[in-house]
>>> print(open('work-v3.tsv').read())   # TSV, C-alpha atoms
chain	number	residue	atom	x	y	z
A	1	MET	CA	0.00	0.00	0.00
A	2	ARG	CA	2.83	2.42	0.83
A	3	LYS	CA	4.42	1.83	-2.58
A	4	PHE	CA	1.09	2.62	-4.22
A	5	ARG	CA	0.77	5.79	-2.17
A	6	ASP	CA	4.27	6.85	-3.20
A	7	MET	CA	3.29	6.50	-6.87
A	8	ILE	CA	0.47	9.01	-6.52
A	9	SER	CA	1.34	12.52	-7.60
A	10	HIS	CA	-1.62	14.16	-5.84
A	11	ARG	CA	-1.91	16.42	-8.87
A	12	VAL	CA	-4.50	16.90	-11.58
A	13	ASP	CA	-2.46	18.80	-14.16
A	14	THR	CA	-2.00	15.89	-16.60
A	15	PRO	CA	-4.33	13.04	-17.64
A	16	ARG	CA	-2.03	10.50	-15.99
A	17	ALA	CA	-1.80	12.51	-12.76
A	18	ARG	CA	-5.56	12.98	-12.72
A	19	LEU	CA	-6.20	9.26	-13.16
A	20	ALA	CA	-3.79	8.44	-10.35
A	21	SER	CA	-5.43	11.02	-8.09
A	22	VAL	CA	-8.91	9.71	-8.87
A	23	LEU	CA	-7.85	6.13	-8.12
A	24	PHE	CA	-6.22	7.20	-4.87
A	25	THR	CA	-9.32	9.16	-3.84
A	26	GLU	CA	-11.71	6.34	-4.65
A	27	PHE	CA	-9.83	3.32	-3.31
A	28	VAL	CA	-7.25	4.55	-0.78
A	29	ASP	CA	-9.13	7.53	0.61
A	30	HIS	CA	-12.40	5.51	0.60
A	31	GLY	CA	-14.18	7.82	-1.81
A	32	PHE	CA	-16.28	4.91	-3.10
A	33	LEU	CA	-17.90	4.66	0.34
A	34	ARG	CA	-18.83	8.33	0.25
A	35	HIS	CA	-20.83	7.70	-2.93
A	36	LEU	CA	-23.10	5.56	-0.77
A	37	TRP	CA	-23.09	7.45	2.54
A	38	THR	CA	-22.90	11.11	3.51
A	39	ASN	CA	-23.50	12.96	6.77
A	40	VAL	CA	-24.41	16.44	5.60
A	41	LYS	CA	-26.17	18.54	8.23
A	42	GLU	CA	-26.99	22.23	8.56
A	43	ILE	CA	-25.83	23.33	12.03
A	44	ASP	CA	-26.81	26.98	11.57
A	45	ALA	CA	-28.37	29.06	8.81
A	46	GLY	CA	-26.09	28.64	5.82
A	47	VAL	CA	-23.48	26.59	7.71
A	48	PHE	CA	-23.23	22.93	6.75
A	49	ARG	CA	-21.02	20.12	8.02
A	50	SER	CA	-20.16	17.15	5.83
A	51	ASN	CA	-17.71	14.43	4.96
A	52	GLN	CA	-15.38	14.87	1.95
A	53	PRO	CA	-17.61	15.94	-0.96
A	54	ASN	CA	-17.08	14.65	-4.47
A	55	ILE	CA	-17.66	16.67	-7.64
A	56	TRP	CA	-21.34	15.69	-7.85
A	57	ARG	CA	-22.07	16.79	-4.30
A	58	LEU	CA	-20.23	20.06	-4.88
A	59	ARG	CA	-22.35	20.66	-7.97
A	60	ARG	CA	-25.49	19.99	-5.97
A	61	PHE	CA	-24.30	22.33	-3.23
A	62	LYS	CA	-23.64	25.04	-5.83
A	63	ARG	CA	-27.07	24.58	-7.43
A	64	ARG	CA	-28.69	25.01	-4.04
A	65	GLY	CA	-26.94	28.32	-3.48
A	66	GLY	CA	-23.64	27.21	-1.95
A	67	VAL	CA	-20.91	29.82	-2.02
A	68	SER	CA	-17.83	28.50	-0.21
A	69	VAL	CA	-16.12	25.37	1.09
A	70	LEU	CA	-13.84	24.96	4.12
A	71	ASN	CA	-11.61	21.88	4.01
A	72	LEU	CA	-10.12	20.96	7.40
A	73	ARG	CA	-7.84	18.25	6.02
A	74	GLY	CA	-5.11	20.47	4.60
A	75	GLY	CA	-1.99	18.91	3.21
A	76	ARG	CA	-1.03	17.72	-0.24
A	77	LEU	CA	-3.60	15.06	-1.03
A	78	ALA	CA	-5.28	13.86	-4.20
A	79	PRO	CA	-8.81	14.50	-2.81
A	80	VAL	CA	-7.78	18.05	-1.95
A	81	ALA	CA	-6.33	18.65	-5.43
A	82	LEU	CA	-9.52	17.35	-7.05
A	83	GLU	CA	-11.68	19.43	-4.74
A	84	ILE	CA	-9.77	22.64	-5.41
A	85	GLU	CA	-10.11	22.06	-9.14
A	86	ALA	CA	-13.84	21.35	-8.81
A	87	CYS	CA	-14.43	24.46	-6.69
A	88	ASP	CA	-12.57	26.57	-9.23
A	89	ASP	CA	-14.64	25.14	-12.09
A	90	LEU	CA	-17.91	25.62	-10.21
A	91	GLY	CA	-17.16	29.09	-8.91
A	92	LEU	CA	-17.11	28.02	-5.25
A	93	GLU	CA	-14.69	29.84	-2.97
A	94	TYR	CA	-12.25	27.33	-1.48
A	95	PHE	CA	-10.60	27.69	1.93
A	96	GLY	CA	-8.34	25.15	3.56
A	97	MET	CA	-6.61	24.64	6.89
A	98	HIS	CA	-5.15	21.66	8.68
A	99	MET	CA	-6.58	20.16	11.84
A	100	ALA	CA	-5.56	16.87	13.47
A	101	SER	CA	-8.06	14.16	14.32
A	102	THR	CA	-6.25	12.57	17.28
A	103	GLU	CA	-5.02	15.59	19.24
A	104	LEU	CA	-6.46	18.87	20.40
A	105	PRO	CA	-5.76	21.87	18.18
A	106	SER	CA	-3.37	24.55	19.38
A	107	ARG	CA	-4.71	27.85	20.68
A	108	ASP	CA	-3.60	29.57	17.48
A	109	THR	CA	-5.40	26.95	15.38
A	110	VAL	CA	-8.66	27.45	17.27
A	111	LEU	CA	-8.40	31.23	16.91
A	112	LYS	CA	-7.55	30.90	13.21
A	113	LEU	CA	-10.55	28.60	12.70
A	114	ILE	CA	-12.91	31.04	14.41
A	115	GLU	CA	-11.53	33.96	12.42
A	116	MET	CA	-11.96	32.01	9.20
A	117	MET	CA	-15.51	30.96	10.09
A	118	GLU	CA	-16.42	34.57	10.78
A	119	ARG	CA	-15.47	35.74	7.29
A	120	LEU	CA	-16.46	32.72	5.21
A	121	PRO	CA	-19.10	33.59	2.59
A	122	ARG	CA	-22.32	31.65	3.16
A	123	PRO	CA	-23.75	29.19	2.54
A	124	VAL	CA	-20.57	27.33	3.44
A	125	MET	CA	-19.80	23.61	3.65
A	126	MET	CA	-17.07	22.58	6.09
A	127	HIS	CA	-15.66	19.09	6.03
A	128	CYS	CA	-12.76	16.77	6.70
A	129	LYS	CA	-12.45	13.19	5.43
A	130	SER	CA	-15.32	11.44	7.22
A	131	GLY	CA	-17.07	14.51	8.60
A	132	ALA	CA	-16.92	12.92	12.03
A	133	ASP	CA	-13.98	14.15	14.08
A	134	ARG	CA	-12.31	17.35	12.87
A	135	THR	CA	-15.59	18.55	11.39
A	136	GLY	CA	-17.45	17.68	14.58
A	137	LEU	CA	-14.95	19.60	16.68
A	138	ALA	CA	-15.07	22.59	14.31
A	139	SER	CA	-18.89	22.51	14.40
A	140	GLY	CA	-18.90	22.53	18.18
A	141	ILE	CA	-16.41	25.39	18.27
A	142	TYR	CA	-18.58	27.33	15.82
A	143	LEU	CA	-21.67	26.88	17.99
A	144	MET	CA	-19.88	27.99	21.15
A	145	ALA	CA	-18.13	30.95	19.50
A	146	PHE	CA	-21.05	32.32	17.46
A	147	LYS	CA	-24.22	30.93	19.04
A	148	GLY	CA	-23.21	30.82	22.69
A	149	VAL	CA	-24.30	27.22	23.21
A	150	SER	CA	-23.05	25.28	26.22
A	151	PRO	CA	-20.03	22.96	25.92
A	152	GLU	CA	-22.27	20.00	26.74
A	153	GLU	CA	-24.59	20.91	23.87
A	154	ALA	CA	-21.70	21.65	21.49
A	155	ALA	CA	-20.17	18.25	22.29
A	156	LYS	CA	-23.16	16.62	20.60
A	157	GLN	CA	-21.44	17.49	17.31
A	158	LEU	CA	-19.00	14.72	18.24
A	159	THR	CA	-21.16	11.65	18.65
A	160	TRP	CA	-21.69	8.26	17.02
A	161	LYS	CA	-24.56	9.79	15.02
A	162	HIS	CA	-21.92	11.57	12.97
A	163	ALA	CA	-19.64	8.48	12.95
A	164	HIS	CA	-17.43	9.83	15.73
A	165	LEU	CA	-16.05	6.99	17.86
A	166	TRP	CA	-15.61	8.80	21.16
A	167	PHE	CA	-13.99	5.75	22.80
A	168	SER	CA	-11.13	5.72	20.25
A	169	LYS	CA	-8.02	7.91	20.12
A	170	LYS	CA	-10.14	10.55	18.43
A	171	GLY	CA	-12.21	10.87	21.60
A	172	VAL	CA	-9.58	13.28	22.90
A	173	LEU	CA	-11.23	15.99	20.80
A	174	ARG	CA	-14.24	15.95	23.11
A	175	SER	CA	-12.07	17.02	26.04
A	176	LEU	CA	-11.97	20.59	24.70
A	177	PHE	CA	-15.65	20.93	25.62
A	178	LYS	CA	-15.15	19.38	29.04
A	179	GLN	CA	-12.19	21.68	29.70
A	180	TYR	CA	-14.30	24.75	28.92
A	181	GLN	CA	-17.32	23.66	30.97
A	182	PRO	CA	-16.19	25.10	34.37
A	183	ALA	CA	-15.40	28.46	32.75
A	184	TYR	CA	-18.76	28.43	30.95
A	185	ASP	CA	-20.53	27.73	34.24
A	186	LYS	CA	-18.86	30.85	35.66
A	187	GLY	CA	-20.02	32.92	32.70
A	188	GLN	CA	-16.69	33.21	30.88
A	189	ASP	CA	-16.99	33.91	27.17
A	190	PHE	CA	-15.63	31.18	24.92
A	191	MET	CA	-13.31	33.48	22.97
A	192	ASP	CA	-11.92	34.94	26.19
A	193	TRP	CA	-11.36	31.44	27.51
A	194	VAL	CA	-9.54	30.33	24.36
A	195	ARG	CA	-7.25	33.37	24.39
A	196	ASN	CA	-6.38	33.19	28.08
A	197	ASP	CA	-7.05	29.75	29.58
A	198	TYR	CA	-7.33	27.04	26.95
A	199	ASP	CA	-4.54	24.49	27.25
A	200	PRO	CA	-4.48	21.77	24.56
A	201	LYS	CA	-1.90	19.81	26.56
A	202	ALA	CA	-4.27	19.59	29.53
A	203	GLY	CA	-6.92	17.70	27.58
A	204	ALA	CA	-7.56	14.11	28.58
A	205	LYS	CA	-9.21	11.48	26.46
A	206	GLY	CA	-12.96	11.55	26.66
A	207	GLY	CA	-15.25	14.34	27.72
A	208	PHE	CA	-18.99	14.04	27.86
A	209	ASP	CA	-20.26	10.49	27.41
A	210	GLY	CA	-21.34	9.10	24.05
>>> encode(input="work-v3.tsv", output="structure tokens")
Amino acid sequence: MRKFRDMISHRVDTPRARLASVLFTEFVDHGFLRHLWTNVKEIDAGVFRSNQPNIWRLRRFKRRGGVSVLNLRGGRLAPVALEIEACDDLGLEYFGMHMASTELPSRDTVLKLIEMMERLPRPVMMHCKSGADRTGLASGIYLMAFKGVSPEEAAKQLTWKHAHLWFSKKGVLRSLFKQYQPAYDKGQDFMDWVRNDYDPKAGAKGGFDG
């Protein structure tokens, strides 16, 4: 499998590179599964969460008024290259940043995400690979930062209903909500807490159950 990965250019600028990127996306990145299953959900007016969209889903999003896409995967990947090309062809504004799925984001990353969310043209679709972990965390952060919801309520963006396995290594993401809960109970604003008290190294696996 590693040899196959090393053969992929992660580019779309030649027919051969495109074919390799499509094959990688479909069979290594599990794109074929996303033809059968999606987890798109509108978490606020004009703000959608999703797993990695393919060209057909991006076209549908555009037809329904979609304006921008936020990819939380980052990096140099075939699915990202194909998505950027599709967004350019469709006239969707593309934004990308990297978030990890098995560790809490740094303070700067959380602040950057919030800043980006604030200026993203809507309707916007944000996603990672499976739309379960990084997207769930980003959705919860959005709801706390812009809607003022409680950490316990925001943590519901990271549940099995969205394919998040909270008992796995990725369950550490839920600890951001648990860490903020005492400050929320005292009336501390989420943004103030992030800037002054959030400590990604203090997070422990878990958080709110299930």
>>> residues_around(input="work-v3.tsv", residues="Lys147 (chain A)", least_positions_apart="3", cutoff="12 Å", atoms="only C-alpha atoms", output="list in words")
Ile43, Asp44, Ala45, Glu118, Ser139, Gly140, Ile141, Tyr142, Leu143, Met144, Ser150, Pro151, Glu153, Ala154, Asp189, Phe190 and Met191 of chain A
>>> write_last_selection(input="work-v3.tsv", atoms="C-alpha atoms", output="PDB file, keeping the file's coordinate frame")
ATOM      1  CA  ILE A  43     -25.830  23.330  12.030  1.00  0.00           C
ATOM      2  CA  ASP A  44     -26.810  26.980  11.570  1.00  0.00           C
ATOM      3  CA  ALA A  45     -28.370  29.060   8.810  1.00  0.00           C
ATOM      4  CA  GLU A 118     -16.420  34.570  10.780  1.00  0.00           C
ATOM      5  CA  SER A 139     -18.890  22.510  14.400  1.00  0.00           C
ATOM      6  CA  GLY A 140     -18.900  22.530  18.180  1.00  0.00           C
ATOM      7  CA  ILE A 141     -16.410  25.390  18.270  1.00  0.00           C
ATOM      8  CA  TYR A 142     -18.580  27.330  15.820  1.00  0.00           C
ATOM      9  CA  LEU A 143     -21.670  26.880  17.990  1.00  0.00           C
ATOM     10  CA  MET A 144     -19.880  27.990  21.150  1.00  0.00           C
ATOM     11  CA  SER A 150     -23.050  25.280  26.220  1.00  0.00           C
ATOM     12  CA  PRO A 151     -20.030  22.960  25.920  1.00  0.00           C
ATOM     13  CA  GLU A 153     -24.590  20.910  23.870  1.00  0.00           C
ATOM     14  CA  ALA A 154     -21.700  21.650  21.490  1.00  0.00           C
ATOM     15  CA  ASP A 189     -16.990  33.910  27.170  1.00  0.00           C
ATOM     16  CA  PHE A 190     -15.630  31.180  24.920  1.00  0.00           C
ATOM     17  CA  MET A 191     -13.310  33.480  22.970  1.00  0.00           C
TER      18      MET A 191
END
>>> closest_residue(input="work-v3.tsv", among="A:Arg122, A:Ile114, A:Gly148, A:His127", to="Arg195 (chain A)", atoms="all atoms listed in the file")
A:Ile114
>>> atom_distance(input="work-v3.tsv", atom1="CA of Phe48 (chain A)", atom2="CA of Leu158 (chain A)")
14.7 Å
>>> atom_distance(input="work-v3.tsv", atom1="CA of Lys112 (chain A)", atom2="CA of Tyr180 (chain A)")
18.2 Å
>>> closest_residue(input="work-v3.tsv", among="A:Val124, A:Leu173, A:Leu58, A:Val22", to="Leu104 (chain A)", atoms="all atoms listed in the file")
A:Leu173
>>> closest_residue(input="work-v3.tsv", among="A:Asn54, A:Thr159, A:Thr38, A:Thr109", to="Ser130 (chain A)", atoms="all atoms listed in the file")
A:Thr38
>>> atom_distance(input="work-v3.tsv", atom1="CA of Leu176 (chain A)", atom2="CA of Lys201 (chain A)")
10.3 Å
>>> residues_around(input="work-v3.tsv", residues="Leu77 (chain A)", least_positions_apart="4", cutoff="10 Å", atoms="all atoms listed in the file", output="number ranges by chain")
A: 8-11, 21, 24-25, 29, 73, 81-83
>>> residues_around(input="work-v3.tsv", residues="Arg57 (chain A)", least_positions_apart="3", cutoff="12 Å", atoms="all atoms listed in the file", output="PyMOL selection string")
chain A and resi 34-40+50-54+60-64+66+69+83+86-87+90+125
>>> residues_near_point(input="work-v3.tsv", point="(-13.9, 13.6, 8.9)", cutoff="10 Å", atoms="only C-alpha atoms", output="number ranges by chain")
A: 39, 49-52, 71-73, 101, 126-137, 162-164
>>> build_atoms(input="work-v3.tsv", residues="region 28-55 of chain A", atoms="N, CA and C atoms", output="PDB file, in the coordinates of the input")
ATOM      1  N   VAL A  28      -8.099   4.418  -1.952  1.00  0.00           N
ATOM      2  CA  VAL A  28      -7.250   4.550  -0.780  1.00  0.00           C
ATOM      3  C   VAL A  28      -7.899   5.488   0.239  1.00  0.00           C
ATOM      4  N   ASP A  29      -8.481   6.548  -0.254  1.00  0.00           N
ATOM      5  CA  ASP A  29      -9.130   7.530   0.610  1.00  0.00           C
ATOM      6  C   ASP A  29     -10.606   7.183   0.866  1.00  0.00           C
ATOM      7  N   HIS A  30     -11.041   6.024   0.361  1.00  0.00           N
ATOM      8  CA  HIS A  30     -12.400   5.510   0.600  1.00  0.00           C
ATOM      9  C   HIS A  30     -13.500   6.363  -0.020  1.00  0.00           C
ATOM     10  N   GLY A  31     -13.186   7.009  -1.124  1.00  0.00           N
ATOM     11  CA  GLY A  31     -14.180   7.820  -1.810  1.00  0.00           C
ATOM     12  C   GLY A  31     -15.381   7.010  -2.268  1.00  0.00           C
ATOM     13  N   PHE A  32     -15.164   5.739  -2.620  1.00  0.00           N
ATOM     14  CA  PHE A  32     -16.280   4.910  -3.100  1.00  0.00           C
ATOM     15  C   PHE A  32     -17.342   4.744  -2.013  1.00  0.00           C
ATOM     16  N   LEU A  33     -16.922   4.762  -0.748  1.00  0.00           N
ATOM     17  CA  LEU A  33     -17.900   4.660   0.340  1.00  0.00           C
ATOM     18  C   LEU A  33     -18.733   5.928   0.454  1.00  0.00           C
ATOM     19  N   ARG A  34     -18.115   7.063   0.134  1.00  0.00           N
ATOM     20  CA  ARG A  34     -18.830   8.330   0.250  1.00  0.00           C
ATOM     21  C   ARG A  34     -19.830   8.536  -0.877  1.00  0.00           C
ATOM     22  N   HIS A  35     -19.774   7.688  -1.919  1.00  0.00           N
ATOM     23  CA  HIS A  35     -20.830   7.700  -2.930  1.00  0.00           C
ATOM     24  C   HIS A  35     -22.124   7.140  -2.335  1.00  0.00           C
ATOM     25  N   LEU A  36     -21.960   6.268  -1.341  1.00  0.00           N
ATOM     26  CA  LEU A  36     -23.100   5.560  -0.770  1.00  0.00           C
ATOM     27  C   LEU A  36     -23.609   6.212   0.515  1.00  0.00           C
ATOM     28  N   TRP A  37     -22.718   6.913   1.235  1.00  0.00           N
ATOM     29  CA  TRP A  37     -23.090   7.450   2.540  1.00  0.00           C
ATOM     30  C   TRP A  37     -22.512   8.838   2.734  1.00  0.00           C
ATOM     31  N   THR A  38     -23.352   9.762   3.173  1.00  0.00           N
ATOM     32  CA  THR A  38     -22.900  11.110   3.510  1.00  0.00           C
ATOM     33  C   THR A  38     -23.508  11.491   4.855  1.00  0.00           C
ATOM     34  N   ASN A  39     -22.944  12.501   5.482  1.00  0.00           N
ATOM     35  CA  ASN A  39     -23.500  12.960   6.770  1.00  0.00           C
ATOM     36  C   ASN A  39     -23.636  14.473   6.777  1.00  0.00           C
ATOM     37  N   VAL A  40     -24.198  15.003   5.714  1.00  0.00           N
ATOM     38  CA  VAL A  40     -24.410  16.440   5.600  1.00  0.00           C
ATOM     39  C   VAL A  40     -25.479  16.895   6.592  1.00  0.00           C
ATOM     40  N   LYS A  41     -25.192  17.988   7.285  1.00  0.00           N
ATOM     41  CA  LYS A  41     -26.170  18.540   8.230  1.00  0.00           C
ATOM     42  C   LYS A  41     -25.961  20.042   8.336  1.00  0.00           C
ATOM     43  N   GLU A  42     -27.051  20.790   8.373  1.00  0.00           N
ATOM     44  CA  GLU A  42     -26.990  22.230   8.560  1.00  0.00           C
ATOM     45  C   GLU A  42     -27.006  22.516  10.061  1.00  0.00           C
ATOM     46  N   ILE A  43     -25.918  23.070  10.591  1.00  0.00           N
ATOM     47  CA  ILE A  43     -25.830  23.330  12.030  1.00  0.00           C
ATOM     48  C   ILE A  43     -26.262  24.739  12.389  1.00  0.00           C
ATOM     49  N   ASP A  44     -26.327  25.621  11.407  1.00  0.00           N
ATOM     50  CA  ASP A  44     -26.810  26.980  11.570  1.00  0.00           C
ATOM     51  C   ASP A  44     -27.222  27.469  10.184  1.00  0.00           C
ATOM     52  N   ALA A  45     -27.918  28.562  10.113  1.00  0.00           N
ATOM     53  CA  ALA A  45     -28.370  29.060   8.810  1.00  0.00           C
ATOM     54  C   ALA A  45     -27.186  29.276   7.874  1.00  0.00           C
ATOM     55  N   GLY A  46     -27.145  28.490   6.812  1.00  0.00           N
ATOM     56  CA  GLY A  46     -26.090  28.640   5.820  1.00  0.00           C
ATOM     57  C   GLY A  46     -24.763  28.034   6.204  1.00  0.00           C
ATOM     58  N   VAL A  47     -24.719  27.231   7.269  1.00  0.00           N
ATOM     59  CA  VAL A  47     -23.480  26.590   7.710  1.00  0.00           C
ATOM     60  C   VAL A  47     -23.714  25.081   7.757  1.00  0.00           C
ATOM     61  N   PHE A  48     -23.043  24.369   6.872  1.00  0.00           N
ATOM     62  CA  PHE A  48     -23.230  22.930   6.750  1.00  0.00           C
ATOM     63  C   PHE A  48     -21.959  22.185   7.139  1.00  0.00           C
ATOM     64  N   ARG A  49     -22.121  21.029   7.751  1.00  0.00           N
ATOM     65  CA  ARG A  49     -21.020  20.120   8.020  1.00  0.00           C
ATOM     66  C   ARG A  49     -21.184  18.885   7.137  1.00  0.00           C
ATOM     67  N   SER A  50     -20.079  18.256   6.787  1.00  0.00           N
ATOM     68  CA  SER A  50     -20.160  17.150   5.830  1.00  0.00           C
ATOM     69  C   SER A  50     -18.876  16.330   5.870  1.00  0.00           C
ATOM     70  N   ASN A  51     -18.937  15.149   5.256  1.00  0.00           N
ATOM     71  CA  ASN A  51     -17.710  14.430   4.960  1.00  0.00           C
ATOM     72  C   ASN A  51     -17.156  14.943   3.619  1.00  0.00           C
ATOM     73  N   GLN A  52     -16.035  14.396   3.172  1.00  0.00           N
ATOM     74  CA  GLN A  52     -15.380  14.870   1.950  1.00  0.00           C
ATOM     75  C   GLN A  52     -16.356  14.813   0.764  1.00  0.00           C
ATOM     76  N   PRO A  53     -16.669  15.952   0.165  1.00  0.00           N
ATOM     77  CA  PRO A  53     -17.610  15.940  -0.960  1.00  0.00           C
ATOM     78  C   PRO A  53     -16.906  15.589  -2.272  1.00  0.00           C
ATOM     79  N   ASN A  54     -17.603  14.884  -3.131  1.00  0.00           N
ATOM     80  CA  ASN A  54     -17.080  14.650  -4.470  1.00  0.00           C
ATOM     81  C   ASN A  54     -17.633  15.715  -5.413  1.00  0.00           C
ATOM     82  N   ILE A  55     -17.274  15.643  -6.675  1.00  0.00           N
ATOM     83  CA  ILE A  55     -17.660  16.670  -7.640  1.00  0.00           C
ATOM     84  C   ILE A  55     -19.179  16.779  -7.769  1.00  0.00           C
TER      85      ILE A  55
END
